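A.B. asks: So here's start.csv, just CSV, C-alpha atoms:
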chain,number,residue,atom,x,y,z
N,1134,MET,CA,23.3,18.7,67.3
N,1135,SER,CA,22.8,22.4,67.4
N,1136,THR,CA,24.4,24.8,69.8
N,1137,GLN,CA,21.0,25.8,71.2
N,1138,ALA,CA,20.2,22.2,71.9
N,1139,GLU,CA,23.6,21.6,73.5
N,1140,LEU,CA,23.1,24.7,75.7
N,1141,ALA,CA,19.6,23.6,76.7
N,1142,LYS,CA,20.9,20.1,77.6
N,1143,ARG,CA,23.7,21.5,79.7
N,1144,ARG,CA,21.3,23.8,81.6
N,1145,LEU,CA,18.8,21.0,82.2
N,1146,PHE,CA,20.9,18.0,82.7
N,1147,GLY,CA,24.6,18.9,82.9
N,1148,ASP,CA,26.9,19.0,85.9
N,1149,ASP,CA,25.8,21.7,88.3
N,1150,SER,CA,22.6,22.1,86.3
N,1151,LEU,CA,18.9,22.2,87.2
N,1152,ARG,CA,19.1,18.4,87.4
N,1153,ALA,CA,15.7,18.1,85.6
N,1154,SER,CA,13.8,15.0,86.5
N,1155,ASN,CA,11.3,15.6,83.7
N,1156,PHE,CA,11.0,18.1,80.9
N,1157,LYS,CA,8.2,18.1,78.3
N,1158,ILE,CA,7.2,20.4,75.4
N,1159,PHE,CA,3.8,21.1,73.8
N,1160,PRO,CA,4.5,21.5,70.1
N,1161,GLY,CA,3.7,24.8,68.4
N,1162,THR,CA,1.4,25.5,65.5
N,1163,SER,CA,4.1,25.5,62.8
N,1164,ARG,CA,4.8,22.3,61.1
N,1165,GLU,CA,8.1,23.6,59.8
N,1166,THR,CA,9.7,23.9,63.3
N,1167,GLY,CA,13.2,22.4,63.7
N,1168,PRO,CA,15.1,21.2,66.8
N,1169,GLN,CA,17.2,24.3,66.8
N,1170,GLN,CA,14.1,26.6,67.0
N,1171,ILE,CA,12.5,24.6,69.8
N,1172,ALA,CA,15.8,24.5,71.8
N,1173,GLU,CA,16.0,28.3,71.4
N,1174,GLN,CA,12.5,28.6,73.0
N,1175,VAL,CA,13.6,26.3,75.8
N,1176,ASN,CA,16.7,28.5,76.5
N,1177,LYS,CA,14.6,31.6,76.4
N,1178,VAL,CA,12.1,30.3,78.9
N,1179,LEU,CA,14.8,29.0,81.2
N,1180,SER,CA,16.4,32.4,81.3
N,1181,GLN,CA,13.0,34.1,82.0
N,1182,LEU,CA,12.3,31.6,84.8
N,1183,GLU,CA,15.7,32.3,86.3
N,1184,GLU,CA,15.4,36.0,86.0
N,1185,GLY,CA,11.8,36.2,87.4
N,1186,ASP,CA,10.6,37.5,84.1
N,1187,PHE,CA,7.2,35.8,84.1
N,1188,GLU,CA,3.7,36.2,85.3
N,1189,VAL,CA,2.4,33.7,87.9
N,1190,VAL,CA,-1.1,32.6,87.0
N,1191,GLU,CA,-3.5,30.6,89.1
N,1192,THR,CA,-6.4,30.6,86.7
N,1193,GLU,CA,-9.5,28.9,88.3
N,1194,ASP,CA,-11.6,28.5,85.2
O,521,MET,CA,-0.9,8.0,93.4
O,522,THR,CA,-2.2,7.3,89.9
O,523,TYR,CA,-3.9,9.1,87.1
O,524,ARG,CA,-6.9,6.9,87.6
O,525,GLN,CA,-7.6,8.7,90.9
O,526,LEU,CA,-7.6,12.0,89.2
O,527,TYR,CA,-9.8,10.6,86.4
O,528,ASP,CA,-12.3,9.3,88.9
O,529,TYR,CA,-12.4,12.6,90.7
O,530,CYS,CA,-13.1,14.5,87.5
O,531,GLN,CA,-16.0,12.3,86.5
O,532,GLY,CA,-18.1,13.9,89.2
O,533,LEU,CA,-17.3,17.5,88.4
O,534,PRO,CA,-19.8,19.8,86.6
O,535,LEU,CA,-19.1,21.1,83.1
O,536,HIS,CA,-17.0,22.7,82.1
O,537,ILE,CA,-14.2,21.1,84.0
O,538,ARG,CA,-12.2,24.0,85.5
O,539,ARG,CA,-8.4,24.1,85.8
O,540,GLY,CA,-8.3,25.1,89.5
O,541,PRO,CA,-9.9,21.9,90.9
O,542,VAL,CA,-7.7,19.8,88.5
O,543,ARG,CA,-4.5,21.6,89.5
O,544,ARG,CA,-5.3,21.2,93.2
O,545,LYS,CA,-6.2,17.5,92.8
O,546,VAL,CA,-2.9,16.8,90.9
O,547,ILE,CA,-1.0,18.5,93.7
O,548,GLU,CA,-2.9,16.6,96.3
O,549,LEU,CA,-2.2,13.3,94.6
O,550,THR,CA,1.5,13.9,93.8
O,551,GLY,CA,2.4,15.9,96.8
O,552,ALA,CA,4.3,18.3,94.5
O,553,PRO,CA,3.3,21.9,94.2
O,554,ILE,CA,3.1,23.3,90.6
O,555,THR,CA,3.7,26.9,89.7
O,556,VAL,CA,2.0,28.0,86.4
O,557,VAL,CA,3.6,31.0,84.6
O,558,ARG,CA,3.1,32.9,81.4
O,559,THR,CA,6.3,33.7,79.4
O,560,THR,CA,7.1,35.0,76.0
O,561,LEU,CA,7.0,31.5,74.4
O,562,ASP,CA,6.4,31.7,70.6
O,563,VAL,CA,3.3,29.5,70.1
O,564,ARG,CA,4.3,28.9,66.5
O,565,LEU,CA,7.3,27.0,67.9
O,566,CYS,CA,6.1,25.8,71.3
O,567,ARG,CA,2.8,26.2,73.1
O,568,GLY,CA,3.8,25.1,76.6
O,569,MET,CA,6.4,23.4,78.7
O,570,TYR,CA,6.5,21.2,81.8
O,571,LEU,CA,9.6,21.2,83.9
O,572,SER,CA,10.4,19.4,87.1
O,573,VAL,CA,13.8,19.9,88.7
O,574,GLU,CA,15.8,18.4,91.6
O,575,ASN,CA,18.5,21.0,92.2
O,576,THR,CA,16.9,23.0,95.0
O,577,THR,CA,19.7,25.5,95.1
O,578,ALA,CA,19.2,26.6,91.5
O,579,ARG,CA,18.1,30.1,91.0
O,580,LEU,CA,15.1,29.0,88.9
O,581,VAL,CA,13.8,26.9,91.8
O,582,GLN,CA,14.0,29.9,94.1
O,583,GLN,CA,11.8,31.8,91.6
O,584,THR,CA,9.3,29.1,90.7
O,585,GLY,CA,9.6,26.1,92.9
O,586,LYS,CA,10.6,22.6,91.7
O,587,THR,CA,7.8,22.0,89.2
O,588,VAL,CA,6.7,24.7,86.7
O,589,VAL,CA,4.3,24.8,83.8
O,590,ALA,CA,5.2,27.5,81.3
O,591,LEU,CA,2.5,29.0,79.0
O,592,ALA,CA,2.6,31.7,76.4
O,593,ARG,CA,1.5,35.2,77.2
O,594,GLU,CA,0.1,35.6,73.7
O,595,GLY,CA,-1.2,33.3,71.0
O,596,ASN,CA,-3.2,30.7,72.9
O,597,ASN,CA,-6.9,31.4,73.1
O,598,TYR,CA,-8.9,30.5,76.2
O,599,CYS,CA,-9.7,26.9,75.2
O,600,TRP,CA,-6.2,26.2,74.0
O,601,GLU,CA,-4.6,27.6,77.1
O,602,ARG,CA,-6.9,25.4,79.3
O,603,PHE,CA,-6.0,22.3,77.3
O,604,ILE,CA,-2.3,23.0,77.3
O,605,GLU,CA,-2.2,23.7,81.0
O,606,VAL,CA,-4.1,20.6,81.9
O,607,LYS,CA,-2.1,18.5,79.4
O,608,GLU,CA,1.1,19.7,81.1
O,609,TYR,CA,-0.2,18.8,84.5
O,610,MET,CA,-0.6,15.2,83.3
O,611,HIS,CA,3.2,14.9,83.1
O,612,ALA,CA,3.2,14.7,86.8
O,613,PHE,CA,2.0,11.1,86.2
O,614,ASP,CA,4.7,10.2,83.7
O,615,SER,CA,6.5,7.0,84.5
O,616,VAL,CA,10.3,7.0,85.1
O,617,THR,CA,10.9,5.7,81.6
O,618,GLU,CA,8.6,8.3,80.1
O,619,ALA,CA,10.2,11.2,81.9
O,620,THR,CA,12.8,13.2,80.0
O,621,ASP,CA,15.6,13.3,82.5
O,622,SER,CA,18.8,13.1,80.4
O,623,GLY,CA,20.5,14.8,77.5
O,624,ASN,CA,19.9,11.7,75.4
O,625,ASP,CA,16.2,11.7,76.2
O,626,PHE,CA,16.1,15.4,75.3
O,627,ASP,CA,17.7,14.7,71.9
O,628,VAL,CA,15.2,11.9,71.0
O,629,GLN,CA,12.3,14.0,72.2
O,630,LEU,CA,13.4,16.9,70.0
O,631,ARG,CA,13.9,14.5,67.1
O,632,ASP,CA,10.4,13.0,67.5
O,633,LEU,CA,8.7,16.3,67.9
O,634,THR,CA,10.2,17.5,64.6
O,635,THR,CA,9.7,14.3,62.7
O,636,ALA,CA,6.2,13.5,63.8
O,637,GLY,CA,4.9,10.2,62.4
O,638,THR,CA,8.1,9.2,60.6
O,639,VAL,CA,9.8,7.3,63.4
O,640,GLU,CA,8.8,4.8,66.1
O,641,PRO,CA,7.9,7.1,69.1
O,642,CYS,CA,10.5,7.1,71.9
O,643,ASP,CA,9.4,6.5,75.5
O,644,GLN,CA,9.2,10.3,76.1
O,645,MET,CA,6.8,10.7,73.2
O,646,ILE,CA,4.7,7.8,74.4
O,647,GLY,CA,4.5,9.8,77.6
O,648,GLU,CA,3.4,12.8,75.5
O,649,ILE,CA,0.7,10.8,73.8
O,650,LYS,CA,-0.5,9.4,77.1
O,651,ALA,CA,-0.7,13.0,78.6
O,652,PHE,CA,-2.9,14.0,75.6
O,653,TRP,CA,-5.4,11.2,76.3
O,654,ARG,CA,-5.3,11.8,80.0
O,655,ALA,CA,-6.1,15.5,79.5
O,656,MET,CA,-9.0,14.5,77.3
O,657,GLY,CA,-10.2,12.2,80.0
O,658,VAL,CA,-10.0,15.0,82.6
O,659,LEU,CA,-11.7,17.7,80.5
O,660,CYS,CA,-14.6,15.5,79.2
O,661,PRO,CA,-16.1,13.1,81.8
O,662,GLU,CA,-17.0,9.8,80.2
O,663,HIS,CA,-20.8,10.2,80.9
O,664,VAL,CA,-20.7,13.5,79.0
O,665,ARG,CA,-18.9,11.8,76.1
O,666,GLN,CA,-21.5,9.1,75.9
O,667,GLU,CA,-24.2,11.8,75.9
O,668,LEU,CA,-22.4,13.6,73.1
O,669,ILE,CA,-22.2,10.3,71.1
O,670,ALA,CA,-25.9,9.7,71.6
O,671,GLU,CA,-26.8,13.3,70.7
O,672,ARG,CA,-24.7,13.3,67.6
O,673,ALA,CA,-26.4,10.0,66.5
O,674,VAL,CA,-29.7,11.8,66.5
O,675,ARG,CA,-28.6,15.3,65.3
O,676,GLY,CA,-25.6,14.5,63.2
O,677,GLN,CA,-23.4,17.4,62.3
O,678,GLU,CA,-26.2,19.7,63.5
O,679,LEU,CA,-24.2,19.2,66.7
O,680,SER,CA,-21.0,20.6,65.4
O,681,ASP,CA,-17.5,20.2,66.6
O,682,TYR,CA,-17.5,23.9,67.4
O,683,ALA,CA,-20.6,23.5,69.6
O,684,ILE,CA,-19.0,20.6,71.5
O,685,ALA,CA,-15.8,22.5,71.9
O,686,PHE,CA,-17.8,25.5,73.3
O,687,ARG,CA,-19.6,23.2,75.7
O,688,LEU,CA,-16.4,21.5,77.0
O,689,LYS,CA,-14.1,24.6,76.5
O,690,ILE,CA,-11.5,22.6,74.7
O,691,PRO,CA,-9.9,23.2,71.3
O,692,GLU,CA,-12.2,22.4,68.4
O,693,LEU,CA,-9.3,20.5,66.8
O,694,TYR,CA,-9.6,17.8,69.3
O,695,VAL,CA,-13.3,17.2,69.3
O,696,PRO,CA,-13.2,14.5,66.7
O,697,ASN,CA,-11.0,12.5,69.0
O,698,LEU,CA,-14.0,12.1,71.4
O,699,PHE,CA,-15.8,10.1,68.7
O,700,GLU,CA,-13.0,7.7,67.7
O,701,PRO,CA,-14.0,4.1,68.3
O,702,TRP,CA,-10.7,3.4,70.1
O,703,TYR,CA,-11.0,6.5,72.3
O,704,PHE,CA,-11.7,4.7,75.6
O,705,GLU,CA,-9.2,2.0,74.8
O,706,ASN,CA,-6.5,4.7,74.4
O,707,LEU,CA,-7.5,6.4,77.6
O,708,ALA,CA,-7.8,3.2,79.6
O,709,LYS,CA,-4.2,2.3,78.7
O,710,THR,CA,-3.1,5.4,80.7
O,711,PHE,CA,-5.0,4.5,83.9
O,712,ASP,CA,-2.0,2.9,85.7
Can you dump the structure from the file as structure tokens?
C.D. replies:
Amino acid sequence: MSTQAELAKRRLFGDDSLRASNFKIFPGTSRETGPQQIAEQVNKVLSQLEEGDFEVVETED
Amino acid sequence: MTYRQLYDYCQGLPLHIRRGPVRRKVIELTGAPITVVRTTLDVRLCRGMYLSVENTTARLVQQTGKTVVALAREGNNYCWERFIEVKEYMHAFDSVTEATDSGNDFDVQLRDLTTAGTVEPCDQMIGEIKAFWRAMGVLCPEHVRQELIAERAVRGQELSDYAIAFRLKIPELYVPNLFEPWYFENLAKTFD
């Protein structure tokens, strides 16, 4: 298993982690995507969420 | 709380079904607030994420709360973003076995996402499939679907997939699913 996936697993489910009770992914548009690339996206988003680097949206429509 | 309660609620809403009422009803039914955020997700690789966590001391939870739906800042048009957001809400109804709550579950989910159709789906992917049908059931009330079926029987492809997508504000890609003979059977399997 790739380093990115191992890192994502540690952050989500490891000791002293987020203790995720559920985590799901909506696949992207590319059919050539591998586990490593998806895990990289997971780690990027987790970092952004931790750092507050996101925009909260409450779209009504 | 069950998905069926959300489904029944949405049957009485006017078109197009809006995200706000769906979000509020999911939160009411589950008792769990959901924060929706836009991030720099690359939509070629991943269009959205649903994350629910238990560690209330984690920095992430202090930023977003325990349950977060992450969308992409760029790359999802209006209809796609609506569908992705609502589909991610549906994971609030995942069963314990369908939830991805361990490293092993994460591995098999990644495997199934990148080898679509070549392996027997794991429980987590079954949850993903159910979330898809549940989102369809929310965004297209059954009486509207029956009206579309009747209208297409008369007008044929004059009533195009694009026109239906425009009416429902869902991705055109998924419109043919509304006309599958097993559509309601698939949806009804998710009512529990």
A.B. asks: Using CA of Ser1154 in chain N and CA of Asp621 in chain O as the two end points, give the distance in Å to one decimal.
C.D. replies: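 We find that CA of Ser1154 in chain N and CA of Asp621 in chain O lie 4.7 Å from each other.
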A.B. asks: Hey, what's within 9 Å of Leu659 in chain O if we count all atoms listed in the file and toss same-chain stuff fewer than 2 positions away? As a list in words, please?
C.D. replies: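 Result of the neighbour search: Cys530, Leu535, His536, Ile537, Arg538, Arg539, Phe603, Val606, Arg654, Ala655, Met656, Gly657, Pro661, Leu688, Lys689 and Ile690 of chain O.
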A.B. asks: What is the distance, in Å and to one decimal place, between CA of Leu679 in chain O and CA of Val664 in chain O?
C.D. replies: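 Going from CA of Leu679 in chain O over to CA of Val664 in chain O covers 14.0 Å.
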A.B. asks: Could you list, as a PyMOL selection string, every residue within 9 Å of Leu1182 in chain N, counting all atoms listed in the file and ignoring same-chain residues fewer than 3 positions away?
C.D. replies: (chain N and resi 1177-1179+1185-1187) or (chain O and resi 557+559+579-581+583-584+590)
A.B. asks: Keeping C-alpha atoms for every residue in the selection just given, could you write it to a file as a PDB file, in the coordinates of the input?
C.D. replies:
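Result file is selection_28.pdb:
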ATOM      1  CA  LYS N1177      14.600  31.600  76.400  1.00  0.00           C
ATOM      2  CA  VAL N1178      12.100  30.300  78.900  1.00  0.00           C
ATOM      3  CA  LEU N1179      14.800  29.000  81.200  1.00  0.00           C
ATOM      4  CA  GLY N1185      11.800  36.200  87.400  1.00  0.00           C
ATOM      5  CA  ASP N1186      10.600  37.500  84.100  1.00  0.00           C
ATOM      6  CA  PHE N1187       7.200  35.800  84.100  1.00  0.00           C
TER       7      PHE N1187
ATOM      8  CA  VAL O 557       3.600  31.000  84.600  1.00  0.00           C
ATOM      9  CA  THR O 559       6.300  33.700  79.400  1.00  0.00           C
ATOM     10  CA  ARG O 579      18.100  30.100  91.000  1.00  0.00           C
ATOM     11  CA  LEU O 580      15.100  29.000  88.900  1.00  0.00           C
ATOM     12  CA  VAL O 581      13.800  26.900  91.800  1.00  0.00           C
ATOM     13  CA  GLN O 583      11.800  31.800  91.600  1.00  0.00           C
ATOM     14  CA  THR O 584       9.300  29.100  90.700  1.00  0.00           C
ATOM     15  CA  ALA O 590       5.200  27.500  81.300  1.00  0.00           C
TER      16      ALA O 590
END
A.B. asks: With only C-alpha atoms as the basis for distance, which of O:Leu668, O:Val573, O:Cys660, O:Cys566 is at the shortest distance from Leu1151 in chain N?
C.D. replies: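 Distance minimum relative to Leu1151 in chain N lands on O:Val573.
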A.B. asks: Taking (14.4, 22.1, 62.8) in the file's coordinates as the center, which residues reach within 10 Å of it, counting only C-alpha atoms, put as number ranges by chain?
C.D. replies: N: 1135, 1164-1172; O: 630-631, 633-635
A.B. asks: Once you count only C-alpha atoms, what closest atom pair and distance in Å to one decimal does each residue of chain N within 6 Å of chain O have, with rows by chain and rising residue number, as a Markdown table?
C.D. replies:
| residue | atom | partner | partner_atom | distance |
| --- | --- | --- | --- | --- |
| N:Lys1142 | CA | O:Gly623 | CA | 5.3 |
| N:Phe1146 | CA | O:Ser622 | CA | 5.8 |
| N:Leu1151 | CA | O:Asn575 | CA | 5.2 |
| N:Arg1152 | CA | O:Glu574 | CA | 5.3 |
| N:Ala1153 | CA | O:Val573 | CA | 4.1 |
| N:Ser1154 | CA | O:Asp621 | CA | 4.7 |
| N:Asn1155 | CA | O:Thr620 | CA | 4.7 |
| N:Phe1156 | CA | O:Leu571 | CA | 4.5 |
| N:Lys1157 | CA | O:Tyr570 | CA | 5.0 |
| N:Ile1158 | CA | O:Met569 | CA | 4.5 |
| N:Phe1159 | CA | O:Gly568 | CA | 4.9 |
| N:Pro1160 | CA | O:Cys566 | CA | 4.7 |
| N:Gly1161 | CA | O:Cys566 | CA | 3.9 |
| N:Thr1162 | CA | O:Arg564 | CA | 4.6 |
| N:Ser1163 | CA | O:Arg564 | CA | 5.0 |
| N:Gly1167 | CA | O:Thr634 | CA | 5.8 |
| N:Pro1168 | CA | O:Leu630 | CA | 5.6 |
| N:Leu1182 | CA | O:Leu580 | CA | 5.6 |
| N:Glu1183 | CA | O:Leu580 | CA | 4.2 |
| N:Phe1187 | CA | O:Thr559 | CA | 5.2 |
| N:Glu1188 | CA | O:Arg558 | CA | 5.1 |
| N:Val1189 | CA | O:Val557 | CA | 4.4 |
| N:Val1190 | CA | O:Val557 | CA | 5.5 |
| N:Glu1193 | CA | O:Gly540 | CA | 4.2 |
| N:Asp1194 | CA | O:Arg538 | CA | 4.5 |
